[in-house]
>>> print(open('model-v6.txt').read())   # compact mmCIF, C-alpha atoms
# COMPACT_ATOMS: atom_id res chain seq x y z
CA MET A 1 36.05 -23.89 -17.68
CA LYS A 2 33.31 -21.53 -18.84
CA SER A 3 32.64 -18.48 -16.77
CA VAL A 4 29.12 -18.04 -15.51
CA THR A 5 27.56 -14.70 -16.28
CA LYS A 6 25.19 -13.57 -13.58
CA LYS A 7 21.92 -12.08 -14.69
CA PRO A 8 21.54 -8.46 -13.67
CA ALA A 9 19.27 -7.84 -10.71
CA PRO A 10 15.70 -6.89 -11.64
CA LEU A 11 14.78 -3.24 -11.78
CA LEU A 12 11.84 -1.63 -10.06
CA ARG A 13 9.88 1.03 -11.88
CA TRP A 14 7.40 2.92 -9.73
CA SER A 15 4.95 5.80 -9.82
CA GLY A 16 2.70 7.34 -7.20
CA CYS A 17 -0.22 9.74 -7.34
CA THR A 18 -2.88 11.09 -4.98
CA ASP A 19 -5.96 13.25 -5.53
CA ILE A 20 -8.30 14.95 -3.06
CA GLY A 21 -11.34 13.84 -5.08
CA LYS A 22 -14.55 15.77 -5.79
CA VAL A 23 -16.10 15.90 -2.31
CA ARG A 24 -13.53 16.03 0.51
CA LYS A 25 -12.07 19.33 1.74
CA ASN A 26 -8.67 17.88 2.61
CA ASN A 27 -6.61 14.87 1.58
CA GLU A 28 -6.24 12.31 4.38
CA ASP A 29 -4.30 9.87 2.17
CA SER A 30 -0.51 9.61 2.26
CA PHE A 31 1.90 7.48 0.27
CA LEU A 32 5.56 6.61 0.52
CA GLY A 33 8.43 5.22 -1.51
CA LEU A 34 11.57 4.25 0.41
CA CYS A 35 14.98 2.88 -0.57
CA PHE A 36 16.98 1.56 2.39
CA ASP A 37 19.38 -0.86 4.02
CA ALA A 38 20.34 -1.38 7.68
CA ARG A 39 22.42 1.83 7.68
CA GLU A 40 20.45 4.46 5.79
CA ALA A 41 17.18 5.27 4.10
CA HIS A 42 16.19 7.60 1.26
CA ARG A 43 12.71 8.83 0.40
CA LEU A 44 11.85 8.25 -3.24
CA GLY A 45 10.18 10.61 -5.66
CA LYS A 46 6.76 10.06 -7.23
CA LEU A 47 8.36 8.45 -10.29
CA GLY A 48 11.54 6.45 -10.67
CA GLU A 49 13.47 3.33 -11.59
CA ALA A 50 16.24 1.55 -9.68
CA SER A 51 18.13 -1.72 -9.36
CA THR A 52 17.31 -4.11 -6.52
CA MET A 53 20.93 -5.28 -6.28
CA GLU A 54 22.03 -3.44 -3.14
CA TYR A 55 18.97 -1.98 -1.47
CA SER A 56 15.52 -2.95 -0.27
CA PHE A 57 12.49 -0.91 -1.31
CA ALA A 58 9.23 -0.25 0.47
CA PHE A 59 6.06 1.38 -0.84
CA ALA A 60 3.06 2.17 1.34
CA VAL A 61 -0.30 3.92 1.30
CA CYS A 62 -2.22 5.11 4.35
CA ASP A 63 -5.78 6.45 4.61
CA GLY A 64 -6.34 8.48 7.75
CA MET A 65 -9.56 8.99 9.71
CA GLY A 66 -10.63 11.39 12.43
CA GLY A 67 -12.26 14.75 13.04
CA ALA A 68 -10.92 17.98 11.50
CA LYS A 69 -7.43 17.16 10.19
CA ALA A 70 -6.78 14.26 12.56
CA GLY A 71 -6.93 11.71 9.73
CA GLU A 72 -4.43 13.69 7.73
CA TYR A 73 -2.06 13.77 10.69
CA ALA A 74 -2.49 10.03 11.30
CA SER A 75 -1.55 9.00 7.77
CA ASN A 76 1.40 11.40 7.67
CA ILE A 77 2.69 10.14 11.02
CA ALA A 78 2.44 6.55 9.79
CA VAL A 79 4.59 7.11 6.70
CA GLU A 80 7.15 9.09 8.71
CA LYS A 81 7.37 6.23 11.21
CA ILE A 82 7.94 3.76 8.37
CA THR A 83 10.83 5.89 7.14
CA ARG A 84 12.47 5.98 10.57
CA LEU A 85 11.74 2.47 11.84
CA LEU A 86 11.88 0.08 8.90
CA PRO A 87 15.63 0.46 8.19
CA ARG A 88 16.30 -0.07 11.89
CA PHE A 89 14.28 -3.30 11.86
CA ASN A 90 15.74 -4.47 8.53
CA PRO A 91 16.51 -8.22 9.01
CA PRO A 92 19.50 -10.04 7.48
CA PRO A 93 18.82 -12.27 4.42
CA SER A 94 19.98 -15.40 6.28
CA GLY A 95 17.71 -17.88 8.05
CA ASP A 96 14.02 -17.89 7.13
CA PRO A 97 13.48 -14.66 5.15
CA GLU A 98 9.67 -14.81 5.18
CA LYS A 99 9.53 -15.35 8.93
CA SER A 100 12.02 -12.57 9.67
CA HIS A 101 10.21 -10.12 7.38
CA THR A 102 6.84 -11.06 8.86
CA GLU A 103 8.11 -10.51 12.40
CA THR A 104 9.61 -7.20 11.36
CA LEU A 105 6.35 -6.03 9.79
CA ALA A 106 4.38 -7.05 12.87
CA GLU A 107 6.71 -5.01 15.08
CA LEU A 108 6.57 -2.05 12.69
CA PHE A 109 2.77 -2.00 12.70
CA PHE A 110 2.69 -2.28 16.50
CA GLN A 111 5.12 0.62 16.97
CA ILE A 112 3.12 2.87 14.63
CA HIS A 113 -0.12 1.92 16.37
CA ARG A 114 1.38 2.70 19.77
CA ALA A 115 2.64 6.10 18.58
CA LEU A 116 -0.78 7.04 17.17
CA VAL A 117 -2.59 5.98 20.34
CA TYR A 118 -0.17 7.98 22.49
CA LEU A 119 -0.40 11.14 20.37
CA GLY A 120 -4.16 10.83 19.98
CA GLY A 121 -4.51 10.65 23.75
CA SER A 122 -2.24 13.64 24.29
CA TYR A 123 -3.92 16.28 22.11
CA ASP A 124 -7.65 16.96 22.02
CA GLU A 125 -7.64 18.07 18.38
CA ILE A 126 -6.40 14.67 17.16
CA GLU A 127 -8.06 12.45 19.75
CA GLY A 128 -9.00 9.05 18.35
CA MET A 129 -7.14 9.50 15.06
CA GLN A 130 -6.46 6.32 13.11
CA THR A 131 -5.24 5.14 9.73
CA THR A 132 -5.17 2.17 7.42
CA MET A 133 -1.77 1.00 6.18
CA SER A 134 -0.77 -1.26 3.31
CA LEU A 135 2.97 -1.77 2.80
CA ALA A 136 4.87 -3.68 0.10
CA TRP A 137 8.53 -4.49 0.88
CA PHE A 138 10.72 -5.62 -2.02
CA ALA A 139 13.84 -7.57 -1.01
CA HIS A 140 15.82 -10.57 -2.29
CA GLY A 141 13.47 -11.19 -5.22
CA TRP A 142 10.31 -11.22 -3.10
CA MET A 143 7.56 -8.80 -2.18
CA TYR A 144 6.68 -9.07 1.51
CA PHE A 145 3.54 -7.25 2.57
CA GLY A 146 1.79 -6.06 5.69
CA HIS A 147 -1.71 -4.66 5.83
CA ILE A 148 -4.47 -3.42 8.11
CA GLY A 149 -7.70 -1.61 7.18
CA ASP A 150 -9.36 -1.33 3.78
CA SER A 151 -6.55 -0.03 1.60
CA ARG A 152 -5.36 -2.78 -0.73
CA ILE A 153 -2.38 -4.45 -2.41
CA TYR A 154 -2.96 -6.10 -5.79
CA HIS A 155 -0.72 -8.36 -7.88
CA LEU A 156 -0.97 -8.61 -11.68
CA PRO A 157 1.37 -11.41 -12.87
CA ARG A 158 3.21 -11.04 -16.15
CA ARG A 159 1.38 -13.84 -17.95
CA SER A 160 -2.10 -13.17 -16.60
CA ASP A 161 -4.98 -10.82 -17.26
CA GLU A 162 -6.48 -11.60 -13.87
CA ILE A 163 -5.51 -9.26 -11.05
CA LYS A 164 -5.34 -10.72 -7.54
CA GLN A 165 -6.14 -8.84 -4.35
CA LEU A 166 -3.45 -9.95 -1.90
CA THR A 167 -4.87 -8.22 1.17
CA SER A 168 -8.20 -8.72 2.94
CA ASP A 169 -10.38 -5.73 3.75
CA ASP A 170 -10.87 -5.33 7.50
CA THR A 171 -14.59 -4.59 7.09
CA PHE A 172 -17.79 -6.55 7.61
CA VAL A 173 -18.59 -6.06 3.92
CA GLY A 174 -15.17 -7.47 3.04
CA TRP A 175 -15.98 -10.55 5.13
CA LEU A 176 -19.30 -10.97 3.30
CA LEU A 177 -17.53 -10.75 -0.07
CA ARG A 178 -14.79 -13.22 0.88
CA ASN A 179 -17.41 -15.72 2.02
CA GLY A 180 -19.46 -15.44 -1.17
CA GLN A 181 -22.50 -13.86 0.46
CA ILE A 182 -22.40 -10.79 -1.80
CA ASN A 183 -20.80 -10.05 -5.18
CA GLU A 184 -18.35 -7.30 -6.16
CA TYR A 185 -21.09 -4.90 -7.28
CA GLU A 186 -23.07 -5.40 -4.05
CA ALA A 187 -19.90 -4.82 -2.01
CA ARG A 188 -19.30 -1.53 -3.81
CA THR A 189 -22.81 -0.26 -3.11
CA HIS A 190 -23.30 -1.65 0.41
CA PRO A 191 -24.18 1.13 2.91
CA ARG A 192 -21.57 -0.18 5.41
CA ARG A 193 -18.72 -0.69 2.93
CA ASN A 194 -16.51 1.94 4.61
CA VAL A 195 -17.04 0.85 8.23
CA LEU A 196 -13.69 -0.46 9.46
CA GLN A 197 -13.21 -3.28 11.94
CA ARG A 198 -9.47 -2.69 12.38
CA ALA A 199 -6.99 0.15 11.84
CA LEU A 200 -3.92 1.65 13.47
CA GLY A 201 -4.55 4.08 16.33
CA GLY A 202 -7.93 5.04 17.75
CA GLN A 203 -9.53 2.52 20.09
CA ASN A 204 -8.36 -0.52 18.15
CA GLN A 205 -6.98 -3.28 20.36
CA PHE A 206 -5.93 -5.85 17.76
CA VAL A 207 -3.29 -4.56 15.38
CA THR A 208 -1.68 -7.78 14.14
CA PRO A 209 -1.31 -7.11 10.40
CA HIS A 210 -2.27 -9.41 7.59
CA THR A 211 1.09 -10.47 6.10
CA GLY A 212 2.29 -12.54 3.17
CA ALA A 213 4.91 -12.87 0.45
CA VAL A 214 4.94 -13.11 -3.35
CA LYS A 215 7.86 -14.15 -5.53
CA CYS A 216 8.65 -11.37 -7.99
CA GLU A 217 9.08 -12.00 -11.73
CA ARG A 218 9.94 -9.59 -14.50
CA GLY A 219 6.75 -8.18 -15.97
CA ASP A 220 4.80 -8.33 -12.70
CA PHE A 221 2.79 -5.33 -11.53
CA PHE A 222 1.96 -4.50 -7.92
CA LEU A 223 -0.66 -1.89 -7.03
CA ILE A 224 -0.99 -0.37 -3.55
CA CYS A 225 -4.03 1.86 -3.21
CA THR A 226 -6.64 3.41 -0.91
CA ASP A 227 -10.34 2.59 -1.07
CA GLY A 228 -11.01 5.74 -3.09
CA LEU A 229 -9.24 4.16 -6.06
CA TYR A 230 -11.00 0.81 -6.23
CA GLU A 231 -14.40 2.35 -5.53
CA GLY A 232 -14.10 4.03 -8.92
CA LEU A 233 -12.59 1.13 -10.91
CA PHE A 234 -13.58 -2.51 -11.34
CA ASP A 235 -10.86 -5.15 -11.60
CA HIS A 236 -10.96 -5.35 -15.40
CA ALA A 237 -10.31 -1.58 -15.58
CA LEU A 238 -7.35 -1.92 -13.21
CA VAL A 239 -5.82 -4.54 -15.52
CA GLU A 240 -6.43 -2.45 -18.64
CA LEU A 241 -4.87 0.66 -17.15
CA LEU A 242 -1.88 -1.18 -15.68
CA ARG A 243 -1.15 -2.64 -19.14
CA THR A 244 -1.49 0.77 -20.81
CA ASP A 245 1.68 2.53 -21.94
CA ALA A 246 1.35 5.64 -19.79
CA LYS A 247 4.17 7.40 -21.68
CA LYS A 248 1.85 7.75 -24.69
CA PHE A 249 -0.30 9.96 -22.50
CA THR A 250 2.73 11.86 -21.13
CA THR A 251 1.78 10.81 -17.61
CA THR A 252 2.40 7.93 -15.19
CA THR A 253 0.55 4.67 -14.65
CA ALA A 254 -0.45 5.74 -11.13
CA ALA A 255 -1.85 9.00 -12.49
CA LEU A 256 -3.83 7.15 -15.17
CA LEU A 257 -5.46 5.01 -12.48
CA VAL A 258 -6.19 7.90 -10.13
CA ASP A 259 -7.58 10.18 -12.85
CA ALA A 260 -9.87 7.44 -14.19
CA SER A 261 -11.13 6.58 -10.71
CA VAL A 262 -11.83 10.21 -9.78
CA GLN A 263 -13.74 10.71 -13.03
CA ASN A 264 -15.88 7.65 -12.32
CA SER A 265 -16.42 8.33 -8.61
CA GLY A 266 -14.34 10.91 -6.74
CA ARG A 267 -16.32 10.60 -3.49
CA ASP A 268 -13.14 9.98 -1.50
CA ASN A 269 -9.45 10.83 -1.54
CA THR A 270 -7.82 8.61 -4.14
CA THR A 271 -4.24 7.29 -4.04
CA ALA A 272 -2.26 4.71 -6.01
CA VAL A 273 1.32 3.49 -6.07
CA VAL A 274 2.27 1.20 -8.97
CA VAL A 275 5.44 -0.91 -8.95
CA GLU A 276 6.56 -2.87 -12.01
CA ILE A 277 9.35 -5.49 -12.07
CA ILE A 278 11.42 -5.01 -15.24
>>> encode(input="model-v6.txt", output="C-alpha cells")
Amino acid sequence: MKSVTKKPAPLLRWSGCTDIGKVRKNNEDSFLGLCFDAREAHRLGKLGEASTMEYSFAFAVCDGMGGAKAGEYASNIAVEKITRLLPRFNPPPSGDPEKSHTETLAELFFQIHRALVYLGGSYDEIEGMQTTMSLAWFAHGWMYFGHIGDSRIYHLPRRSDEIKQLTSDDTFVGWLLRNGQINEYEARTHPRRNVLQRALGGQNQFVTPHTGAVKCERGDFFLICTDGLYEGLFDHALVELLRTDAKKFTTTTAALLVDASVQNSGRDNTTAVVVEII
C-alpha cells in the first residue's frame, strides 16, 4: 500500500506600510498583523512569512476620524481590541466554518464599536471619534473578511489580471458606483466621496459588518488598504504593482503601493497591507 504524502500547508507572505501623506499633520491610519489560536496571540512585524499549518492569521487596516487626535486614538484602539478579542472568539474548525467565522466577526465589530462609543462619551477630547475597519482572517485555507467604512479589501487571483474589490464602500458615492450611475473616475473626483454612512464609534447605530469568504490558492494576492491608497492608484496600477518583484527595488510590495499612491495624490494618510499565498 502506497503512503500518501500530504502537501505542505500554504505559506503566507505579508508586508505592511503606512505614510502620513503630503497634507495631514498626523497619521490617523493604523494597521495590524496577528498570528493566533484560541490560547495565544502574537503581533506580527511589517514584513514576514509563515506557515498556515498551526495558526490563524489576521490582517486589518483602520482609518480613524475625529477632531484633534481623536481619529488616531480610534484606529489604534480598534487594532488593540482585535489583538485582545479575536483569539478569545476564535471558533473551532468543525461545523459550518463560514457561519462561525461570520458570527465571530460580527461580535468582534460590535465589541469594538461599543468600546469606542463608551470612550468617546467619557472624554471630551475624543468625543465622537470613529474609525473604519477592514479585516482579513486567514484560516483553514480560506480568507474570511469583515468590513465597515471606506477602507477596502481586494483580491487578485493567481491566474487573473483583474483585481476584485471584495468590500463595499459605506458611502453614498460607493452606492452610486455599485449601481452604475457613475464611473470609477467620477467616483474618485466626486465632492462627497469621503462622506461615510457607517463606521465604528461616533453616532453610528448600525454596525453590522459586510462579511464574506474567499477560498485561498497559491499565487493569490490580497490587499487591505485605506482610502488614501486607492485615491492615488487606479485598479490597473494596483495589479501592476502587486505583480512587481519588490525585492528588485530593495523594498516591500506594500511600500511600493504606498509610495506610488502618495506620489500621485498624497492628500490623505495612506496605508496598505499585502498578503500573498505561496
>>> closest_residue(input="model-v6.txt", among="A:Tyr154, A:Tyr123, A:Trp137, A:Phe57", to="A:Cys225", atoms="all atoms listed in the file")
A:Tyr154
>>> closest_residue(input="model-v6.txt", among="A:Asn183, A:Ser168, A:Thr244, A:Thr211", to="A:Ala106", atoms="all atoms listed in the file")
A:Thr211
>>> closest_residue(input="model-v6.txt", among="A:Met65, A:Leu11, A:Ile163, A:Ala78", to="A:Asp268", atoms="only C-alpha atoms")
A:Met65
>>> atom_distance(input="model-v6.txt", atom1="atom CA of A:Ser134", atom2="atom CA of A:Lys247")
26.9 Å
>>> residues_around(input="model-v6.txt", residues="stretch 254-258 of chain A", least_positions_apart="6", cutoff="10 Å", atoms="all atoms listed in the file", output="PyMOL selection string")
chain A and resi 14-19+21+46-47+223-225+228-230+232-233+237-238+240-242+244-246+264+266+269-275
>>> write_last_selection(input="model-v6.txt", atoms="C-alpha atoms", output="PDB file, in the coordinates of the input")
ATOM      1  CA  TRP A  14       7.400   2.920  -9.730  1.00  0.00           C
ATOM      2  CA  SER A  15       4.950   5.800  -9.820  1.00  0.00           C
ATOM      3  CA  GLY A  16       2.700   7.340  -7.200  1.00  0.00           C
ATOM      4  CA  CYS A  17      -0.220   9.740  -7.340  1.00  0.00           C
ATOM      5  CA  THR A  18      -2.880  11.090  -4.980  1.00  0.00           C
ATOM      6  CA  ASP A  19      -5.960  13.250  -5.530  1.00  0.00           C
ATOM      7  CA  GLY A  21     -11.340  13.840  -5.080  1.00  0.00           C
ATOM      8  CA  LYS A  46       6.760  10.060  -7.230  1.00  0.00           C
ATOM      9  CA  LEU A  47       8.360   8.450 -10.290  1.00  0.00           C
ATOM     10  CA  LEU A 223      -0.660  -1.890  -7.030  1.00  0.00           C
ATOM     11  CA  ILE A 224      -0.990  -0.370  -3.550  1.00  0.00           C
ATOM     12  CA  CYS A 225      -4.030   1.860  -3.210  1.00  0.00           C
ATOM     13  CA  GLY A 228     -11.010   5.740  -3.090  1.00  0.00           C
ATOM     14  CA  LEU A 229      -9.240   4.160  -6.060  1.00  0.00           C
ATOM     15  CA  TYR A 230     -11.000   0.810  -6.230  1.00  0.00           C
ATOM     16  CA  GLY A 232     -14.100   4.030  -8.920  1.00  0.00           C
ATOM     17  CA  LEU A 233     -12.590   1.130 -10.910  1.00  0.00           C
ATOM     18  CA  ALA A 237     -10.310  -1.580 -15.580  1.00  0.00           C
ATOM     19  CA  LEU A 238      -7.350  -1.920 -13.210  1.00  0.00           C
ATOM     20  CA  GLU A 240      -6.430  -2.450 -18.640  1.00  0.00           C
ATOM     21  CA  LEU A 241      -4.870   0.660 -17.150  1.00  0.00           C
ATOM     22  CA  LEU A 242      -1.880  -1.180 -15.680  1.00  0.00           C
ATOM     23  CA  THR A 244      -1.490   0.770 -20.810  1.00  0.00           C
ATOM     24  CA  ASP A 245       1.680   2.530 -21.940  1.00  0.00           C
ATOM     25  CA  ALA A 246       1.350   5.640 -19.790  1.00  0.00           C
ATOM     26  CA  ASN A 264     -15.880   7.650 -12.320  1.00  0.00           C
ATOM     27  CA  GLY A 266     -14.340  10.910  -6.740  1.00  0.00           C
ATOM     28  CA  ASN A 269      -9.450  10.830  -1.540  1.00  0.00           C
ATOM     29  CA  THR A 270      -7.820   8.610  -4.140  1.00  0.00           C
ATOM     30  CA  THR A 271      -4.240   7.290  -4.040  1.00  0.00           C
ATOM     31  CA  ALA A 272      -2.260   4.710  -6.010  1.00  0.00           C
ATOM     32  CA  VAL A 273       1.320   3.490  -6.070  1.00  0.00           C
ATOM     33  CA  VAL A 274       2.270   1.200  -8.970  1.00  0.00           C
ATOM     34  CA  VAL A 275       5.440  -0.910  -8.950  1.00  0.00           C
TER      35      VAL A 275
END
>>> residues_around(input="model-v6.txt", residues="A:Ala199", least_positions_apart="3", cutoff="6 Å", atoms="only C-alpha atoms", output="list in words")
Thr131, Thr132, Ile148 and Gly149 of chain A
>>> closest_residue(input="model-v6.txt", among="A:Pro8, A:Val207, A:Thr167, A:Asn76", to="A:Gln111", atoms="all atoms listed in the file")
A:Val207
>>> atom_distance(input="model-v6.txt", atom1="atom CA of A:Thr171", atom2="atom CA of A:Phe222")
22.3 Å
>>> decode(input="model-v6.txt", residues="stretch 163-198 of chain A", atoms="N, CA and C atoms", output="PDB file, in the first residue's frame")
ATOM      1  N   ILE A 163      -8.301  42.715 -10.798  1.00  0.00           N
ATOM      2  CA  ILE A 163      -8.393  42.745  -9.347  1.00  0.00           C
ATOM      3  C   ILE A 163      -9.845  42.987  -8.949  1.00  0.00           C
ATOM      4  N   LYS A 164     -10.295  42.300  -7.895  1.00  0.00           N
ATOM      5  CA  LYS A 164     -11.687  42.395  -7.466  1.00  0.00           C
ATOM      6  C   LYS A 164     -11.763  43.057  -6.105  1.00  0.00           C
ATOM      7  N   GLN A 165     -12.603  44.066  -5.991  1.00  0.00           N
ATOM      8  CA  GLN A 165     -12.872  44.684  -4.695  1.00  0.00           C
ATOM      9  C   GLN A 165     -13.903  43.834  -3.971  1.00  0.00           C
ATOM     10  N   LEU A 166     -13.513  43.224  -2.854  1.00  0.00           N
ATOM     11  CA  LEU A 166     -14.394  42.328  -2.118  1.00  0.00           C
ATOM     12  C   LEU A 166     -15.373  43.082  -1.229  1.00  0.00           C
ATOM     13  N   THR A 167     -14.976  44.232  -0.737  1.00  0.00           N
ATOM     14  CA  THR A 167     -15.796  45.005   0.186  1.00  0.00           C
ATOM     15  C   THR A 167     -16.562  46.100  -0.558  1.00  0.00           C
ATOM     16  N   SER A 168     -17.618  46.590   0.067  1.00  0.00           N
ATOM     17  CA  SER A 168     -18.414  47.681  -0.491  1.00  0.00           C
ATOM     18  C   SER A 168     -18.214  48.935   0.352  1.00  0.00           C
ATOM     19  N   ASP A 169     -17.906  50.042  -0.301  1.00  0.00           N
ATOM     20  CA  ASP A 169     -17.707  51.293   0.426  1.00  0.00           C
ATOM     21  C   ASP A 169     -19.017  51.757   1.058  1.00  0.00           C
ATOM     22  N   ASP A 170     -18.969  52.085   2.331  1.00  0.00           N
ATOM     23  CA  ASP A 170     -20.154  52.578   3.029  1.00  0.00           C
ATOM     24  C   ASP A 170     -20.276  54.093   2.844  1.00  0.00           C
ATOM     25  N   THR A 171     -20.424  54.493   1.568  1.00  0.00           N
ATOM     26  CA  THR A 171     -20.598  55.895   1.212  1.00  0.00           C
ATOM     27  C   THR A 171     -21.694  55.999   0.160  1.00  0.00           C
ATOM     28  N   PHE A 172     -22.276  57.184   0.037  1.00  0.00           N
ATOM     29  CA  PHE A 172     -23.275  57.411  -0.997  1.00  0.00           C
ATOM     30  C   PHE A 172     -22.637  57.286  -2.376  1.00  0.00           C
ATOM     31  N   VAL A 173     -21.414  57.771  -2.518  1.00  0.00           N
ATOM     32  CA  VAL A 173     -20.710  57.675  -3.797  1.00  0.00           C
ATOM     33  C   VAL A 173     -20.438  56.207  -4.142  1.00  0.00           C
ATOM     34  N   GLY A 174     -20.117  55.407  -3.127  1.00  0.00           N
ATOM     35  CA  GLY A 174     -19.931  53.978  -3.360  1.00  0.00           C
ATOM     36  C   GLY A 174     -21.204  53.331  -3.861  1.00  0.00           C
ATOM     37  N   TRP A 175     -22.344  53.747  -3.320  1.00  0.00           N
ATOM     38  CA  TRP A 175     -23.637  53.220  -3.778  1.00  0.00           C
ATOM     39  C   TRP A 175     -23.890  53.612  -5.228  1.00  0.00           C
ATOM     40  N   LEU A 176     -23.584  54.851  -5.593  1.00  0.00           N
ATOM     41  CA  LEU A 176     -23.749  55.301  -6.977  1.00  0.00           C
ATOM     42  C   LEU A 176     -22.893  54.468  -7.927  1.00  0.00           C
ATOM     43  N   LEU A 177     -21.654  54.188  -7.517  1.00  0.00           N
ATOM     44  CA  LEU A 177     -20.738  53.418  -8.363  1.00  0.00           C
ATOM     45  C   LEU A 177     -21.216  51.984  -8.528  1.00  0.00           C
ATOM     46  N   ARG A 178     -21.650  51.357  -7.431  1.00  0.00           N
ATOM     47  CA  ARG A 178     -22.120  49.971  -7.494  1.00  0.00           C
ATOM     48  C   ARG A 178     -23.352  49.829  -8.370  1.00  0.00           C
ATOM     49  N   ASN A 179     -24.156  50.878  -8.438  1.00  0.00           N
ATOM     50  CA  ASN A 179     -25.389  50.825  -9.223  1.00  0.00           C
ATOM     51  C   ASN A 179     -25.225  51.403 -10.625  1.00  0.00           C
ATOM     52  N   GLY A 180     -23.976  51.636 -11.031  1.00  0.00           N
ATOM     53  CA  GLY A 180     -23.706  52.047 -12.401  1.00  0.00           C
ATOM     54  C   GLY A 180     -24.102  53.469 -12.745  1.00  0.00           C
ATOM     55  N   GLN A 181     -24.336  54.310 -11.744  1.00  0.00           N
ATOM     56  CA  GLN A 181     -24.754  55.676 -12.021  1.00  0.00           C
ATOM     57  C   GLN A 181     -23.577  56.620 -12.238  1.00  0.00           C
ATOM     58  N   ILE A 182     -22.393  56.222 -11.804  1.00  0.00           N
ATOM     59  CA  ILE A 182     -21.173  56.969 -12.089  1.00  0.00           C
ATOM     60  C   ILE A 182     -20.071  55.958 -12.401  1.00  0.00           C
ATOM     61  N   ASN A 183     -18.988  56.417 -13.034  1.00  0.00           N
ATOM     62  CA  ASN A 183     -17.871  55.526 -13.329  1.00  0.00           C
ATOM     63  C   ASN A 183     -16.760  55.716 -12.296  1.00  0.00           C
ATOM     64  N   GLU A 184     -15.670  54.950 -12.440  1.00  0.00           N
ATOM     65  CA  GLU A 184     -14.600  54.976 -11.451  1.00  0.00           C
ATOM     66  C   GLU A 184     -13.966  56.366 -11.364  1.00  0.00           C
ATOM     67  N   TYR A 185     -13.767  57.019 -12.502  1.00  0.00           N
ATOM     68  CA  TYR A 185     -13.155  58.348 -12.478  1.00  0.00           C
ATOM     69  C   TYR A 185     -14.071  59.343 -11.771  1.00  0.00           C
ATOM     70  N   GLU A 186     -15.368  59.300 -12.070  1.00  0.00           N
ATOM     71  CA  GLU A 186     -16.318  60.212 -11.430  1.00  0.00           C
ATOM     72  C   GLU A 186     -16.391  59.967  -9.923  1.00  0.00           C
ATOM     73  N   ALA A 187     -16.277  58.697  -9.516  1.00  0.00           N
ATOM     74  CA  ALA A 187     -16.290  58.383  -8.087  1.00  0.00           C
ATOM     75  C   ALA A 187     -15.070  58.982  -7.385  1.00  0.00           C
ATOM     76  N   ARG A 188     -13.932  58.967  -8.058  1.00  0.00           N
ATOM     77  CA  ARG A 188     -12.709  59.487  -7.465  1.00  0.00           C
ATOM     78  C   ARG A 188     -12.716  61.006  -7.331  1.00  0.00           C
ATOM     79  N   THR A 189     -13.481  61.685  -8.148  1.00  0.00           N
ATOM     80  CA  THR A 189     -13.487  63.143  -8.143  1.00  0.00           C
ATOM     81  C   THR A 189     -14.770  63.732  -7.553  1.00  0.00           C
ATOM     82  N   HIS A 190     -15.683  62.875  -7.104  1.00  0.00           N
ATOM     83  CA  HIS A 190     -16.952  63.349  -6.557  1.00  0.00           C
ATOM     84  C   HIS A 190     -16.711  64.127  -5.260  1.00  0.00           C
ATOM     85  N   PRO A 191     -17.366  65.276  -5.080  1.00  0.00           N
ATOM     86  CA  PRO A 191     -17.114  66.099  -3.878  1.00  0.00           C
ATOM     87  C   PRO A 191     -17.518  65.425  -2.571  1.00  0.00           C
ATOM     88  N   ARG A 192     -18.380  64.375  -2.628  1.00  0.00           N
ATOM     89  CA  ARG A 192     -18.824  63.709  -1.400  1.00  0.00           C
ATOM     90  C   ARG A 192     -18.228  62.301  -1.262  1.00  0.00           C
ATOM     91  N   ARG A 193     -17.114  62.064  -1.932  1.00  0.00           N
ATOM     92  CA  ARG A 193     -16.550  60.700  -1.963  1.00  0.00           C
ATOM     93  C   ARG A 193     -16.083  60.224  -0.594  1.00  0.00           C
ATOM     94  N   ASN A 194     -15.761  61.149   0.315  1.00  0.00           N
ATOM     95  CA  ASN A 194     -15.235  60.756   1.628  1.00  0.00           C
ATOM     96  C   ASN A 194     -16.270  60.845   2.745  1.00  0.00           C
ATOM     97  N   VAL A 195     -17.529  61.096   2.398  1.00  0.00           N
ATOM     98  CA  VAL A 195     -18.585  61.194   3.404  1.00  0.00           C
ATOM     99  C   VAL A 195     -19.110  59.797   3.728  1.00  0.00           C
ATOM    100  N   LEU A 196     -18.849  59.348   4.953  1.00  0.00           N
ATOM    101  CA  LEU A 196     -19.194  57.984   5.352  1.00  0.00           C
ATOM    102  C   LEU A 196     -20.646  57.865   5.802  1.00  0.00           C
ATOM    103  N   GLN A 197     -21.252  56.736   5.492  1.00  0.00           N
ATOM    104  CA  GLN A 197     -22.584  56.417   6.000  1.00  0.00           C
ATOM    105  C   GLN A 197     -22.517  55.519   7.229  1.00  0.00           C
ATOM    106  N   ARG A 198     -21.425  54.762   7.354  1.00  0.00           N
ATOM    107  CA  ARG A 198     -21.274  53.853   8.504  1.00  0.00           C
ATOM    108  C   ARG A 198     -19.813  53.780   8.901  1.00  0.00           C
TER     109      ARG A 198
END
